[in-house]
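**Q** Enclosed is the structure file coords-v2.txt (compact mmCIF, C-alpha atoms).
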# COMPACT_ATOMS: atom_id res chain seq x y z
CA MET A 1 317.60 47.15 136.45
CA SER A 2 317.39 45.71 139.97
CA PHE A 3 319.17 46.25 143.28
CA ASP A 4 321.01 43.58 145.23
CA TRP A 5 320.63 45.55 148.47
CA PRO A 6 317.37 47.53 147.92
CA TRP A 7 317.18 48.45 151.61
CA ALA A 8 320.35 50.52 151.12
CA LEU A 9 318.27 52.99 149.10
CA LEU A 10 317.29 54.41 152.49
CA ALA A 11 320.55 56.33 152.19
CA VAL A 12 318.63 58.69 149.89
CA LEU A 13 317.00 60.03 153.07
CA ALA A 14 320.28 61.83 153.72
CA VAL A 15 319.26 64.39 151.08
CA PRO A 16 316.11 65.72 152.83
CA LEU A 17 318.02 65.61 156.13
CA LEU A 18 320.65 67.90 154.64
CA PHE A 19 317.96 70.34 153.48
CA LEU A 20 316.39 70.18 156.94
CA ALA A 21 319.76 70.93 158.53
CA ARG A 22 320.28 73.86 156.16
CA TRP A 23 316.86 75.26 157.05
CA TRP A 24 317.65 74.91 160.75
CA PHE A 25 320.98 76.71 160.51
CA ASN A 26 319.46 79.49 158.43
CA ARG A 27 316.77 79.90 161.07
CA ARG A 28 319.34 80.14 163.85
CA ARG A 29 321.34 82.62 161.78
CA ARG A 30 318.30 84.88 161.45
CA ARG A 31 317.84 84.84 165.22
CA THR A 32 321.38 86.16 165.79
CA ALA A 33 321.32 88.66 162.92
CA ILE A 34 322.62 92.17 163.58
CA THR A 35 320.20 95.03 163.13
CA VAL A 36 321.46 97.62 160.66
CA SER A 37 320.06 100.94 159.67
CA SER A 38 319.82 100.25 155.91
CA VAL A 39 319.71 96.91 154.14
CA ALA A 40 319.97 98.72 150.82
CA LEU A 41 323.47 99.92 151.69
CA ILE A 42 324.61 96.35 152.37
CA ARG A 43 323.12 95.06 149.12
CA ALA A 44 324.87 97.83 147.21
CA ALA A 45 328.19 96.93 148.83
CA LEU A 46 327.93 93.23 147.93
CA PRO A 47 328.37 92.11 144.31
CA GLY A 48 325.32 90.41 142.85
CA ARG A 49 325.09 86.76 141.81
CA SER A 50 322.26 85.30 139.75
CA SER A 51 319.94 82.76 141.42
CA TRP A 52 320.83 79.91 139.01
CA LYS A 53 324.50 80.23 139.97
CA ARG A 54 323.49 79.69 143.57
CA ARG A 55 321.15 76.78 142.86
CA LEU A 56 323.04 74.84 140.19
CA PRO A 57 325.95 73.73 142.46
CA VAL A 58 323.46 72.64 145.10
CA ALA A 59 321.42 70.67 142.54
CA LEU A 60 324.54 68.92 141.21
CA PHE A 61 325.70 68.11 144.74
CA VAL A 62 322.30 66.64 145.64
CA ALA A 63 322.19 64.59 142.40
CA GLY A 64 325.63 63.24 143.25
CA LEU A 65 324.46 62.16 146.69
CA ILE A 66 321.45 60.37 145.17
CA ALA A 67 323.73 58.55 142.69
CA LEU A 68 326.01 57.55 145.57
CA ALA A 69 323.04 56.16 147.48
CA GLY A 70 322.12 54.15 144.39
CA ALA A 71 325.65 52.75 144.24
CA VAL A 72 325.41 51.59 147.87
CA ALA A 73 322.30 49.56 146.91
CA ARG A 74 324.45 47.58 144.41
CA PRO A 75 322.44 48.04 141.18
CA GLN A 76 322.32 45.10 138.77
CA ALA A 77 321.75 45.33 135.02
CA THR A 78 321.11 42.53 132.53
CA VAL A 79 323.48 42.91 129.59
CA SER A 80 324.59 40.85 126.60
CA VAL A 81 328.07 39.51 127.17
CA PRO A 82 330.26 37.21 125.05
CA SER A 83 330.59 33.65 126.22
CA ASN A 84 333.73 31.58 125.86
CA ASP A 85 332.15 28.34 127.10
CA THR A 86 329.28 27.99 124.65
CA SER A 87 327.87 24.62 123.61
CA ILE A 88 325.63 24.45 120.56
CA LEU A 89 323.34 21.46 120.04
CA LEU A 90 322.48 21.29 116.35
CA ALA A 91 319.27 19.24 115.95
CA ILE A 92 318.67 18.32 112.30
CA ASP A 93 315.44 16.91 110.91
CA VAL A 94 316.06 13.69 108.95
CA SER A 95 312.42 12.83 108.28
CA SER A 96 311.46 11.37 104.91
CA SER A 97 310.28 14.77 103.63
CA MET A 98 313.93 15.87 103.63
CA CYS A 99 314.17 13.96 100.35
CA SER A 100 312.08 16.69 98.69
CA SER A 101 313.83 18.07 95.62
CA ASP A 102 312.40 21.61 95.86
CA VAL A 103 315.89 22.48 97.13
CA GLN A 104 318.42 20.99 94.73
CA PRO A 105 319.46 18.24 94.77
CA ASN A 106 317.29 17.62 97.84
CA ARG A 107 316.71 19.12 101.26
CA ILE A 108 318.86 16.74 103.24
CA THR A 109 321.86 17.29 101.00
CA ALA A 110 321.47 21.08 101.26
CA ALA A 111 321.02 20.84 105.04
CA SER A 112 324.10 18.63 105.38
CA LYS A 113 326.20 21.07 103.37
CA ALA A 114 325.00 24.07 105.42
CA ALA A 115 325.71 22.22 108.68
CA HIS A 116 329.11 21.24 107.27
CA ASP A 117 329.97 24.89 106.63
CA PHE A 118 328.63 25.90 110.06
CA VAL A 119 330.93 23.45 111.84
CA GLU A 120 333.99 24.36 109.75
CA LYS A 121 333.57 28.09 110.40
CA ALA A 122 332.85 27.78 114.14
CA ASP A 123 335.43 29.08 116.59
CA ARG A 124 337.77 26.37 117.82
CA GLY A 125 336.69 26.87 121.43
CA THR A 126 333.00 26.33 120.64
CA ARG A 127 331.65 22.91 121.50
CA ILE A 128 329.08 21.60 119.01
CA GLY A 129 326.86 18.56 119.42
CA LEU A 130 324.68 16.84 116.82
CA VAL A 131 321.16 15.51 117.37
CA THR A 132 319.13 13.96 114.53
CA PHE A 133 315.42 13.29 114.65
CA SER A 134 312.72 11.63 112.60
CA GLY A 135 310.15 9.47 114.42
CA ILE A 136 312.63 9.39 117.33
CA ALA A 137 315.53 11.64 118.34
CA GLY A 138 319.07 10.54 119.07
CA LEU A 139 322.34 12.13 120.11
CA MET A 140 324.81 11.41 117.31
CA VAL A 141 327.76 13.44 118.68
CA PRO A 142 327.97 14.89 122.22
CA PRO A 143 329.19 18.52 122.45
CA THR A 144 332.79 18.50 121.27
CA THR A 145 335.47 20.63 119.65
CA ASP A 146 336.47 17.71 117.40
CA LYS A 147 335.30 19.04 114.03
CA ASP A 148 336.35 15.91 112.13
CA LYS A 149 334.03 13.77 114.23
CA LEU A 150 331.14 16.17 113.64
CA LEU A 151 331.72 16.41 109.90
CA GLU A 152 331.87 12.63 109.57
CA ALA A 153 328.51 12.30 111.34
CA ILE A 154 326.92 15.04 109.21
CA ASP A 155 328.06 13.34 106.03
CA THR A 156 326.25 10.12 106.98
CA LEU A 157 322.75 11.46 107.72
CA LYS A 158 319.96 9.06 106.76
CA THR A 159 316.22 9.68 106.52
CA ALA A 160 313.38 7.86 108.27
CA ARG A 161 309.66 8.31 108.85
CA GLY A 162 308.14 10.71 111.41
CA THR A 163 309.09 14.10 112.89
CA ALA A 164 309.71 14.34 116.64
CA ILE A 165 310.65 18.00 117.12
CA GLY A 166 309.74 18.07 120.82
CA GLN A 167 311.78 14.95 121.55
CA ALA A 168 314.75 16.49 119.73
CA ILE A 169 314.62 19.49 122.09
CA LEU A 170 314.49 17.23 125.16
CA THR A 171 317.38 15.11 123.85
CA SER A 172 319.41 18.29 123.32
CA ILE A 173 318.67 19.45 126.88
CA ASP A 174 319.97 16.15 128.28
CA ALA A 175 323.09 16.39 126.12
CA ILE A 176 323.81 19.86 127.50
CA ALA A 177 323.16 18.67 131.06
CA GLU A 178 325.96 16.12 130.68
CA SER A 179 328.56 18.89 130.28
CA ASN A 180 326.96 21.79 132.17
CA PRO A 181 326.21 21.08 135.86
CA GLN A 182 324.02 24.20 135.99
CA VAL A 183 321.50 22.52 133.66
CA ALA A 184 319.27 19.77 135.06
CA ARG A 185 318.26 16.76 133.01
CA THR A 186 314.69 16.58 131.72
CA GLY A 187 313.66 13.97 134.30
CA VAL A 188 314.65 16.17 137.25
CA ASP A 189 311.97 18.04 139.19
CA LEU A 190 313.05 21.67 139.27
CA GLY A 191 310.54 22.61 141.95
CA GLU A 192 309.16 26.10 142.27
CA PRO A 193 311.06 28.82 140.37
CA ASP A 194 313.29 31.09 142.46
CA PRO A 195 311.57 34.53 142.62
CA ASN A 196 314.99 36.18 143.01
CA GLN A 197 316.37 34.57 139.85
CA ASN A 198 316.83 36.93 136.95
CA GLN A 199 314.64 35.46 134.22
CA ALA A 200 316.71 37.08 131.47
CA ALA A 201 320.02 35.47 132.48
CA TYR A 202 320.47 32.62 129.97
CA GLN A 203 322.85 29.70 130.07
CA PRO A 204 325.68 29.96 127.52
CA ASP A 205 324.50 26.72 125.89
CA THR A 206 322.09 26.92 122.97
CA ILE A 207 319.87 24.58 120.93
CA VAL A 208 319.35 25.05 117.17
CA VAL A 209 316.50 23.08 115.59
CA LEU A 210 316.39 22.73 111.79
CA THR A 211 313.22 21.16 110.40
CA ASP A 212 311.14 21.12 107.22
CA GLY A 213 307.88 19.90 108.75
CA SER A 214 305.62 19.76 111.79
CA ASN A 215 305.66 17.54 114.85
CA THR A 216 304.00 14.17 114.18
CA THR A 217 304.97 12.11 117.22
CA GLY A 218 306.19 12.35 120.77
CA VAL A 219 306.04 15.38 123.06
CA ASP A 220 304.65 18.67 121.78
CA PRO A 221 307.43 21.13 120.79
CA VAL A 222 305.98 23.97 122.89
CA THR A 223 305.86 21.68 125.95
CA ALA A 224 309.49 20.75 125.34
CA ALA A 225 310.33 24.44 124.96
CA GLU A 226 308.91 25.05 128.44
CA GLN A 227 311.46 22.57 129.78
CA ALA A 228 314.23 24.44 127.98
CA ALA A 229 312.97 27.81 129.23
CA ALA A 230 312.87 26.53 132.82
CA ARG A 231 316.58 25.72 132.45
CA ARG A 232 317.35 29.10 130.84
CA LEU A 233 318.31 27.47 127.53
CA ARG A 234 317.61 29.35 124.31
CA VAL A 235 316.20 27.47 121.32
CA PHE A 236 316.65 28.89 117.81
CA THR A 237 314.38 27.32 115.21
CA ILE A 238 314.78 27.19 111.43
CA GLY A 239 312.01 26.28 109.00
CA PHE A 240 313.56 24.90 105.81
CA GLY A 241 312.10 24.37 102.35
CA THR A 242 309.43 25.82 100.06
CA THR A 243 305.70 25.26 99.75
CA GLU A 244 306.00 23.98 96.19
CA PRO A 245 305.13 20.28 95.70
CA SER A 246 308.27 18.51 94.46
CA PRO A 247 309.40 14.94 93.73
CA MET A 248 310.93 13.03 96.65
CA VAL A 249 314.44 12.05 95.59
CA CYS A 250 317.14 10.51 97.80
CA THR A 251 320.23 8.46 97.05
CA ALA A 252 320.52 4.95 98.44
CA ASP A 253 322.94 6.02 101.20
CA GLN A 254 320.48 8.73 102.36
CA ILE A 255 317.73 6.19 103.06
CA GLY A 256 317.62 4.63 106.50
CA PRO A 257 316.23 1.17 107.33
CA GLY A 258 312.48 0.71 107.62
CA PRO A 259 309.48 1.89 105.61
CA GLN A 260 309.64 5.09 103.57
CA PHE A 261 306.51 7.08 102.71
CA GLY A 262 304.30 4.18 103.71
CA ARG A 263 305.98 1.63 101.42
CA PRO A 264 308.11 -1.15 102.89
CA GLY A 265 311.70 -0.43 102.07
CA GLY A 266 310.81 2.53 99.84
CA MET A 267 310.95 2.64 96.06
CA PHE A 268 314.41 2.36 94.61
CA GLY A 269 315.60 2.75 91.07
CA GLY A 270 318.92 3.62 89.57
CA GLY A 271 320.66 3.36 92.92
CA GLY A 272 318.34 5.83 94.61
CA PHE A 273 314.82 6.62 95.75
CA ARG A 274 312.11 8.43 93.82
CA GLY A 275 308.72 8.96 95.39
CA GLY A 276 305.63 11.12 94.94
CA ARG A 277 305.30 14.89 95.20
CA ARG A 278 305.01 16.67 98.54
CA ALA A 279 304.55 20.23 99.75
CA LEU A 280 306.10 21.73 102.87
CA GLU A 281 303.87 21.28 105.90
CA ILE A 282 305.94 23.27 108.36
CA ASP A 283 304.31 24.41 111.59
CA GLU A 284 305.73 27.93 111.69
CA ASP A 285 303.43 28.93 114.55
CA ALA A 286 304.84 26.19 116.82
CA LEU A 287 308.43 26.95 115.85
CA THR A 288 307.89 30.64 116.56
CA GLN A 289 306.36 29.83 119.95
CA VAL A 290 309.32 27.60 120.80
CA ALA A 291 311.78 30.38 119.96
CA ASP A 292 309.82 33.12 121.73
CA LYS A 293 309.26 31.08 124.88
CA THR A 294 312.98 30.36 125.28
CA GLY A 295 314.44 33.71 124.22
CA GLY A 296 315.62 32.48 120.82
CA ARG A 297 314.50 33.42 117.30
CA TYR A 298 312.69 31.74 114.44
CA PHE A 299 314.19 31.87 110.93
CA ARG A 300 312.81 30.81 107.57
CA ALA A 301 315.13 29.48 104.86
CA GLN A 302 313.59 28.51 101.53
CA ASP A 303 316.74 27.50 99.69
CA ALA A 304 320.29 26.33 100.32
CA GLY A 305 321.76 29.84 100.18
CA GLN A 306 319.33 31.21 102.77
CA LEU A 307 319.98 28.25 105.06
CA THR A 308 323.74 28.76 104.83
CA ASP A 309 323.29 32.46 105.62
CA VAL A 310 321.06 31.76 108.63
CA LEU A 311 323.48 29.25 110.13
CA GLY A 312 326.41 31.54 109.32
CA ASP A 313 324.83 34.46 111.18
CA LEU A 314 323.78 32.45 114.23
CA PRO A 315 327.15 32.60 116.06
CA GLN A 316 326.73 36.37 116.39
CA GLU A 317 323.59 35.79 118.46
CA ILE A 318 324.52 32.49 120.08
CA GLY A 319 327.92 33.86 121.17
CA LEU A 320 326.14 36.44 123.33
CA HIS A 321 324.05 35.58 126.34
CA ARG A 322 322.24 37.68 128.90
CA LYS A 323 323.94 38.02 132.24
CA GLU A 324 323.23 40.05 135.36
CA THR A 325 326.15 42.40 136.05
CA GLU A 326 326.71 44.79 138.92
CA ILE A 327 327.02 48.40 137.72
CA SER A 328 327.77 50.13 141.03
CA VAL A 329 331.00 51.55 139.61
CA PHE A 330 329.06 53.63 137.08
CA PHE A 331 326.90 55.08 139.84
CA VAL A 332 330.02 55.93 141.85
CA LEU A 333 331.65 57.62 138.86
CA ALA A 334 328.50 59.63 138.20
CA ALA A 335 328.30 60.63 141.87
CA VAL A 336 331.94 61.74 141.96
CA LEU A 337 331.54 63.72 138.74
CA LEU A 338 328.36 65.47 139.94
CA VAL A 339 329.68 66.28 143.41
CA PHE A 340 333.04 67.58 142.21
CA THR A 341 331.37 69.61 139.47
CA GLY A 342 328.96 71.17 141.96
CA VAL A 343 331.69 71.98 144.47
CA GLY A 344 334.01 73.26 141.73
CA LEU A 345 331.39 75.61 140.27
CA SER A 346 330.52 76.90 143.72
CA LEU A 347 334.17 77.65 144.53
CA TRP A 348 334.78 79.21 141.13
CA TRP A 349 331.79 81.53 141.22
CA ASN A 350 332.48 82.52 144.85
CA ARG A 351 336.10 83.22 143.89
CA ALA A 352 334.95 85.48 141.05
CA THR A 353 332.63 87.26 143.50
CA ARG A 354 335.40 87.92 146.01
CA ARG A 355 337.65 89.43 143.31
CA ARG A 356 335.05 92.06 142.58
Turn the structure described in the file into structure tokens.

**A**
Amino acid sequence: MSFDWPWALLAVLAVPLLFLARWWFNRRRRRTAITVSSVALIRAALPGRSSWKRRLPVALFVAGLIALAGAVARPQATVSVPSNDTSILLAIDVSSSMCSSDVQPNRITAASKAAHDFVEKADRGTRIGLVTFSGIAGLMVPPTTDKDKLLEAIDTLKTARGTAIGQAILTSIDAIAESNPQVARTGVDLGEPDPNQNQAAYQPDTIVVLTDGSNTTGVDPVTAAEQAAARRLRVFTIGFGTTEPSPMVCTADQIGPGPQFGRPGGMFGGGGFRGGRRALEIDEDALTQVADKTGGRYFRAQDAGQLTDVLGDLPQEIGLHRKETEISVFFVLAAVLLVFTGVGLSLWWNRATRRR
């Protein structure tokens, strides 16, 4: 919690001033006291009242004044709030290893189906963009609410050599910057960070990176994550696939132009591609660092069902973002409650005393 007007906390000094004034008036009262022959007679004539009944109203009243002073300072709290202007950039790995058949029928088919379900189930007001990456990264669909356009692009994913995870993050940042003026493009110098900026207040836009490998070309993913963090963009990362070596199998329409697995044009047979066996070489440490640095989370999905579940649960986290909210009203309510309770108890107990 922080205070927008911290200097206003000086109002708390009113509390010791009140105690000082009370001491002064009690001192003056003792100076003008009347001398009586027997104090015991006066004590016997007055009904008794326990010390805690005298002190509790005062304590409540003082606590109320302190809460009121806190309200004057305009306290700010960082809370999770729902966002109705969220953009999600879905960056999908289409490297050659996505042809691995450890996830049936292969990883790219399972990833396409999970992304398909994710788009179909998304709220209509949520803008979704699609970035694909292999040796390079490209924006296939800018953030849009047109689900048909997104589904058509997802259904035509093609593999190629290389894995540029860092470049995919930078491409996603630039895509978000096109629609959100609060986010600067990657080529813009942000200068020194504002010390008064709340570092937990994220932009409503989010990047989701789905990959089955490690970065092999381009900018380092952690370096790219620093660019996202500087713009208050969260990056959620998903590591997909198993560690079991499996045959590389892709259909002809899942193979992009260029060499595949080091062989010109790939190896085709029966209308598809069938290569050697590969194991997952995912860099979980880098993906975890990317997520941690930006305020996102890293997930592991080893089969199609787990991937569908991860993407299906993401909107619950992506739909919330951290925002600094003024909570002065709660301090005022607490102050009113404490003060009125203290005054009410004092009047009630004094009333009961007078009736005796």

**Q** Rank A:Val222, A:Val336, A:Ala184, A:Cys250 by their smallest atom-to-atom distance to Ser95 (chain A), using all atoms listed in the file, and report the top residue only.

**A** A:Cys250

**Q** Quick one: distance from CA of Lys121 (chain A) to CA of Val141 (chain A) in Å, one decimal?

**A**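 One can read the CA of Lys121 (chain A) to CA of Val141 (chain A) distance as 17.8 Å.
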
**Q** Find the residue from A:Lys293, A:Lys147, A:Arg107, A:Arg232 that sits nearest to Thr126 (chain A); use all atoms listed in the file when measuring.

**A**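 Smallest distance to Thr126 (chain A) is found for A:Lys147.
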
**Q** What's the 10 Å shell around Ala137 (chain A), counting all atoms listed in the file, without same-chain residues fewer than 5 positions away, as an mmCIF file with C-alpha atoms, in the coordinates of the input?

**A**
data_model
loop_
_atom_site.group_PDB
_atom_site.id
_atom_site.type_symbol
_atom_site.label_atom_id
_atom_site.label_comp_id
_atom_site.auth_asym_id
_atom_site.auth_seq_id
_atom_site.Cartn_x
_atom_site.Cartn_y
_atom_site.Cartn_z
ATOM 1 C CA ALA A 91 319.270 19.240 115.950
ATOM 2 C CA ILE A 92 318.670 18.320 112.300
ATOM 3 C CA ASP A 93 315.440 16.910 110.910
ATOM 4 C CA VAL A 94 316.060 13.690 108.950
ATOM 5 C CA VAL A 131 321.160 15.510 117.370
ATOM 6 C CA THR A 132 319.130 13.960 114.530
ATOM 7 C CA THR A 163 309.090 14.100 112.890
ATOM 8 C CA ALA A 164 309.710 14.340 116.640
ATOM 9 C CA ILE A 165 310.650 18.000 117.120
ATOM 10 C CA GLY A 166 309.740 18.070 120.820
ATOM 11 C CA GLN A 167 311.780 14.950 121.550
ATOM 12 C CA ALA A 168 314.750 16.490 119.730
ATOM 13 C CA ILE A 169 314.620 19.490 122.090
ATOM 14 C CA LEU A 170 314.490 17.230 125.160
ATOM 15 C CA THR A 171 317.380 15.110 123.850
ATOM 16 C CA SER A 172 319.410 18.290 123.320
ATOM 17 C CA GLY A 218 306.190 12.350 120.770
#

**Q** Work out how far apart CA of Ile318 (chain A) and CA of Arg124 (chain A) are and give it in Å to one decimal.

**A**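 Result for CA of Ile318 (chain A) versus CA of Arg124 (chain A): 14.8 Å, one decimal.
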
**Q** For Phe299 (chain A), list every protein, DNA or RNA residue within 10 Å, evaluated using only C-alpha atoms, and leave out those in the same chain fewer than 5 positions away; present the list as number ranges by chain.

**A** A: 210, 236-240, 284, 287-288, 291, 306-307, 310-311

**Q** Separation of CA of Leu150 (chain A) and CA of Asp303 (chain A), in Å?

**A**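 We find that CA of Leu150 (chain A) and CA of Asp303 (chain A) lie 23.0 Å from each other.
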
**Q** If we count all atoms listed in the file and set the cut-off at 12 Å, which residues sit around Ala177 (chain A), ignoring sequence neighbours fewer than 2 positions away in its own chain? Please answer as a ChimeraX atom specification.

**A** /A:87,89,142-143,170-175,179-188,203,205-206,228,231-233

**Q** May I have the residues at most 8 Å from (321.3, 7.7, 110.0) in the file's coordinates, counting all atoms listed in the file, as a ChimeraX atom specification?

**A** /A:156-159,254-256

**Q** Just write the chosen residues, C-alpha atoms, as a JSON list (two decimals), in the frame of the given file.

**A**
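Result went into part00.json, see below:
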[["chain", "number", "residue", "atom", "x", "y", "z"],
["A", 156, "THR", "CA", 326.25, 10.12, 106.98],
["A", 157, "LEU", "CA", 322.75, 11.46, 107.72],
["A", 158, "LYS", "CA", 319.96, 9.06, 106.76],
["A", 159, "THR", "CA", 316.22, 9.68, 106.52],
["A", 254, "GLN", "CA", 320.48, 8.73, 102.36],
["A", 255, "ILE", "CA", 317.73, 6.19, 103.06],
["A", 256, "GLY", "CA", 317.62, 4.63, 106.50]]

**Q** Could you tell me which of A:Ser100, A:Ala110, A:Gly344, A:Gln316 comes closest to Ala122 (chain A) if we count all atoms listed in the file?

**A** A:Gln316

**Q** Counting all atoms listed in the file, which residue out of A:Cys99, A:Ile207, A:Ala114, A:Ala71 sits closest to Ile128 (chain A)?

**A**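 Going through A:Cys99, A:Ile207, A:Ala114, A:Ala71 one by one, the smallest distance to Ile128 (chain A) is for A:Ile207.
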
**Q** Would you please work out which residue, of A:Ala301, A:Leu333, A:Val62, A:Ala252, is nearest to Ala111 (chain A) when using only C-alpha atoms?

**A**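 That would be A:Ala301, the residue with the smallest distance to Ala111 (chain A).
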
**Q** Would you please work out which residue, of A:Leu130, A:Ala69, A:Val235, A:Leu151, is nearest to Asp117 (chain A) when using all atoms listed in the file?

**A**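 Residue with the minimum atom-to-atom distance to Asp117 (chain A): A:Leu151.
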